[in-house]
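As structure tokens, the structure follows; a few thoughts come after it.
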Amino acid sequence: MSQVVESAASRRRRRHTRTAIILVVLVFLLAGAFYYAASYFKRPSSPAAASGCATGDITVGPTAGKAAVLTPSQITVNVYNSTTRAGLASDTAKSVKDRGFVVGKVANDPLKKNVPGTAELRFGQSGQTAAALVAPLVAGATPVVDARPDATVDLVLGSGFQGLTPVVATGTATPPNPC
């Protein structure tokens with residue numbers, strides 16, 4: 001019977017290969033654990049649904065019996081230009097400010113999107129009420145809900161934009177019940 005003798009070099013190579021495989025598996029396990037933890041902490045909580053509070057869409061209209069009323073001076077509007085017309089966002093921002101809104105950023109569209117209509121209103125879930133008050137400023141503005149956490153509204157001026165329309169006060173928007 002003969003025995004196969006393994007050289008020290010081949011043992012070292014096998015040990016190095018095994019170590020490399022174990023490290024790769026550990027890296028993947030750690031990456032998976034971090035991904036799971038990050039998705040767990042980013043998951044939106046819904047205490048309103050858990051506590052029995054009423055949930056639903058925000059409505060715009062008269063505020064009979066409502067505690068608070070949202071006014072233009074409480075809304076921050078970022079004005080962006082998606083056209084090639086120079087100074088359009090700046091001129092429009094002055095008009096928006098004259099209407100009582102707080103003007104945030106004034107610049108070219110950071111998304112560099114070509115808006116073919118009059119305008120786009122970009123806002124997050126917490127900015128629905130604010131967007132309802134900004135929407136009458138531009139006839140035909142397309143609402144776009146994004147993932148922003150704050151209540152700011154982006155007014156992105158498109159190629160069909162001619163100017164702000166007069167605001168007709170038919171009611172006020174009410175913020176959601178915080179429960």
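Just remember, in the structure tokens the first chain shown is A, the second B, etc., residues are 1-based per chain, and ligands are 1-based in the order shown.
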- Got a sec: who's within 6 Å of segment 148-157 of chain A, counting only C-alpha atoms, leaving out chain neighbours fewer than 2 positions off, as a PyMOL selection string? chain A and resi 76-82+119-124+126-127+146
- Would you kindly return, as an MDAnalysis selection string, each protein, DNA or RNA residue with an atom no farther than 9 Å from any atom of Pro72 of chain A, considering only C-alpha atoms and excluding same-chain residues fewer than 2 positions away? chainID A and resid 70 74:76 99:102 130 133:134
Restricting the output to all heavy atoms, write the selected residues as a PDB file, in the first residue's frame.
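The resulting file, selection01.pdb, is shown below:
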```
ATOM      1  N   LEU A  70     -53.720  75.964   7.166  1.00  0.00           N
ATOM      2  CA  LEU A  70     -52.430  76.187   6.533  1.00  0.00           C
ATOM      3  C   LEU A  70     -52.529  77.428   5.653  1.00  0.00           C
ATOM      4  O   LEU A  70     -53.446  77.557   4.845  1.00  0.00           O
ATOM      5  CB  LEU A  70     -52.041  74.971   5.693  1.00  0.00           C
ATOM      6  CG  LEU A  70     -50.632  74.919   5.152  1.00  0.00           C
ATOM      7  CD1 LEU A  70     -49.622  74.918   6.301  1.00  0.00           C
ATOM      8  CD2 LEU A  70     -50.432  73.669   4.326  1.00  0.00           C
ATOM      9  N   GLN A  74     -46.809  79.749   5.482  1.00  0.00           N
ATOM     10  CA  GLN A  74     -46.262  78.558   6.125  1.00  0.00           C
ATOM     11  C   GLN A  74     -45.721  77.556   5.108  1.00  0.00           C
ATOM     12  O   GLN A  74     -45.244  76.498   5.484  1.00  0.00           O
ATOM     13  CB  GLN A  74     -47.347  77.875   6.963  1.00  0.00           C
ATOM     14  CG  GLN A  74     -47.862  78.717   8.105  1.00  0.00           C
ATOM     15  CD  GLN A  74     -49.092  78.101   8.746  1.00  0.00           C
ATOM     16  OE1 GLN A  74     -49.991  77.643   8.052  1.00  0.00           O
ATOM     17  NE2 GLN A  74     -49.109  78.098  10.059  1.00  0.00           N
ATOM     18  N   ILE A  75     -45.790  77.892   3.836  1.00  0.00           N
ATOM     19  CA  ILE A  75     -45.400  76.963   2.775  1.00  0.00           C
ATOM     20  C   ILE A  75     -44.130  77.448   2.092  1.00  0.00           C
ATOM     21  O   ILE A  75     -44.051  78.590   1.661  1.00  0.00           O
ATOM     22  CB  ILE A  75     -46.531  76.831   1.727  1.00  0.00           C
ATOM     23  CG1 ILE A  75     -47.795  76.309   2.390  1.00  0.00           C
ATOM     24  CG2 ILE A  75     -46.102  75.927   0.587  1.00  0.00           C
ATOM     25  CD1 ILE A  75     -49.002  76.335   1.495  1.00  0.00           C
ATOM     26  N   THR A  76     -43.142  76.562   2.003  1.00  0.00           N
ATOM     27  CA  THR A  76     -41.901  76.875   1.290  1.00  0.00           C
ATOM     28  C   THR A  76     -41.984  76.294  -0.112  1.00  0.00           C
ATOM     29  O   THR A  76     -42.223  75.101  -0.293  1.00  0.00           O
ATOM     30  CB  THR A  76     -40.685  76.286   2.022  1.00  0.00           C
ATOM     31  OG1 THR A  76     -40.639  76.832   3.340  1.00  0.00           O
ATOM     32  CG2 THR A  76     -39.390  76.616   1.290  1.00  0.00           C
ATOM     33  N   ARG A  99     -47.272  86.580  -3.632  1.00  0.00           N
ATOM     34  CA  ARG A  99     -48.541  85.919  -3.283  1.00  0.00           C
ATOM     35  C   ARG A  99     -48.553  85.442  -1.831  1.00  0.00           C
ATOM     36  O   ARG A  99     -49.521  84.841  -1.386  1.00  0.00           O
ATOM     37  CB  ARG A  99     -48.789  84.719  -4.193  1.00  0.00           C
ATOM     38  CG  ARG A  99     -48.798  85.026  -5.668  1.00  0.00           C
ATOM     39  CD  ARG A  99     -50.171  85.452  -6.140  1.00  0.00           C
ATOM     40  NE  ARG A  99     -50.142  85.869  -7.527  1.00  0.00           N
ATOM     41  CZ  ARG A  99     -50.579  85.139  -8.530  1.00  0.00           C
ATOM     42  NH1 ARG A  99     -51.056  83.947  -8.326  1.00  0.00           N
ATOM     43  NH2 ARG A  99     -50.523  85.614  -9.761  1.00  0.00           N
ATOM     44  N   GLY A 100     -47.449  85.657  -1.101  1.00  0.00           N
ATOM     45  CA  GLY A 100     -47.419  85.313   0.313  1.00  0.00           C
ATOM     46  C   GLY A 100     -46.708  84.028   0.655  1.00  0.00           C
ATOM     47  O   GLY A 100     -46.612  83.664   1.828  1.00  0.00           O
ATOM     48  N   PHE A 101     -46.179  83.324  -0.327  1.00  0.00           N
ATOM     49  CA  PHE A 101     -45.468  82.075  -0.068  1.00  0.00           C
ATOM     50  C   PHE A 101     -44.018  82.363   0.297  1.00  0.00           C
ATOM     51  O   PHE A 101     -43.462  83.397  -0.083  1.00  0.00           O
ATOM     52  CB  PHE A 101     -45.507  81.171  -1.306  1.00  0.00           C
ATOM     53  CG  PHE A 101     -46.884  80.658  -1.633  1.00  0.00           C
ATOM     54  CD1 PHE A 101     -47.705  81.339  -2.514  1.00  0.00           C
ATOM     55  CD2 PHE A 101     -47.364  79.500  -1.062  1.00  0.00           C
ATOM     56  CE1 PHE A 101     -48.971  80.884  -2.821  1.00  0.00           C
ATOM     57  CE2 PHE A 101     -48.628  79.029  -1.357  1.00  0.00           C
ATOM     58  CZ  PHE A 101     -49.442  79.732  -2.241  1.00  0.00           C
ATOM     59  N   VAL A 102     -43.396  81.446   1.017  1.00  0.00           N
ATOM     60  CA  VAL A 102     -41.974  81.536   1.331  1.00  0.00           C
ATOM     61  C   VAL A 102     -41.232  80.869   0.181  1.00  0.00           C
ATOM     62  O   VAL A 102     -41.513  79.714  -0.166  1.00  0.00           O
ATOM     63  CB  VAL A 102     -41.643  80.818   2.655  1.00  0.00           C
ATOM     64  CG1 VAL A 102     -40.158  80.846   2.925  1.00  0.00           C
ATOM     65  CG2 VAL A 102     -42.416  81.446   3.798  1.00  0.00           C
ATOM     66  N   ALA A 130     -49.863  71.476   1.316  1.00  0.00           N
ATOM     67  CA  ALA A 130     -49.167  72.635   0.771  1.00  0.00           C
ATOM     68  C   ALA A 130     -49.299  72.669  -0.752  1.00  0.00           C
ATOM     69  O   ALA A 130     -49.532  73.724  -1.351  1.00  0.00           O
ATOM     70  CB  ALA A 130     -47.703  72.608   1.188  1.00  0.00           C
ATOM     71  N   LEU A 133     -52.453  74.124  -2.055  1.00  0.00           N
ATOM     72  CA  LEU A 133     -52.527  75.585  -2.063  1.00  0.00           C
ATOM     73  C   LEU A 133     -51.653  76.204  -3.148  1.00  0.00           C
ATOM     74  O   LEU A 133     -51.932  77.300  -3.609  1.00  0.00           O
ATOM     75  CB  LEU A 133     -52.118  76.141  -0.700  1.00  0.00           C
ATOM     76  CG  LEU A 133     -53.153  76.010   0.409  1.00  0.00           C
ATOM     77  CD1 LEU A 133     -52.600  76.537   1.715  1.00  0.00           C
ATOM     78  CD2 LEU A 133     -54.414  76.745   0.050  1.00  0.00           C
ATOM     79  N   VAL A 134     -50.597  75.507  -3.552  1.00  0.00           N
ATOM     80  CA  VAL A 134     -49.707  76.025  -4.591  1.00  0.00           C
ATOM     81  C   VAL A 134     -50.268  75.732  -5.984  1.00  0.00           C
ATOM     82  O   VAL A 134     -50.052  76.514  -6.917  1.00  0.00           O
ATOM     83  CB  VAL A 134     -48.285  75.423  -4.432  1.00  0.00           C
ATOM     84  CG1 VAL A 134     -47.370  75.851  -5.571  1.00  0.00           C
ATOM     85  CG2 VAL A 134     -47.683  75.829  -3.102  1.00  0.00           C
TER      86      VAL A 134
END
```
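Between atom CA of Thr118 of chain A and atom CA of Gly140 of chain A there is a distance of 6.2 Å.
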- Between atom CA of Ile21 of chain A and atom CA of Ala9 of chain A, distance in Å (one decimal): 18.5 Å
- For atom CA of Thr71 of chain A and atom CA of Gln128 of chain A, determine how far apart the two atoms are, in Å to one decimal place.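 Taking atom CA of Thr71 of chain A and atom CA of Gln128 of chain A, their separation equals 13.4 Å.
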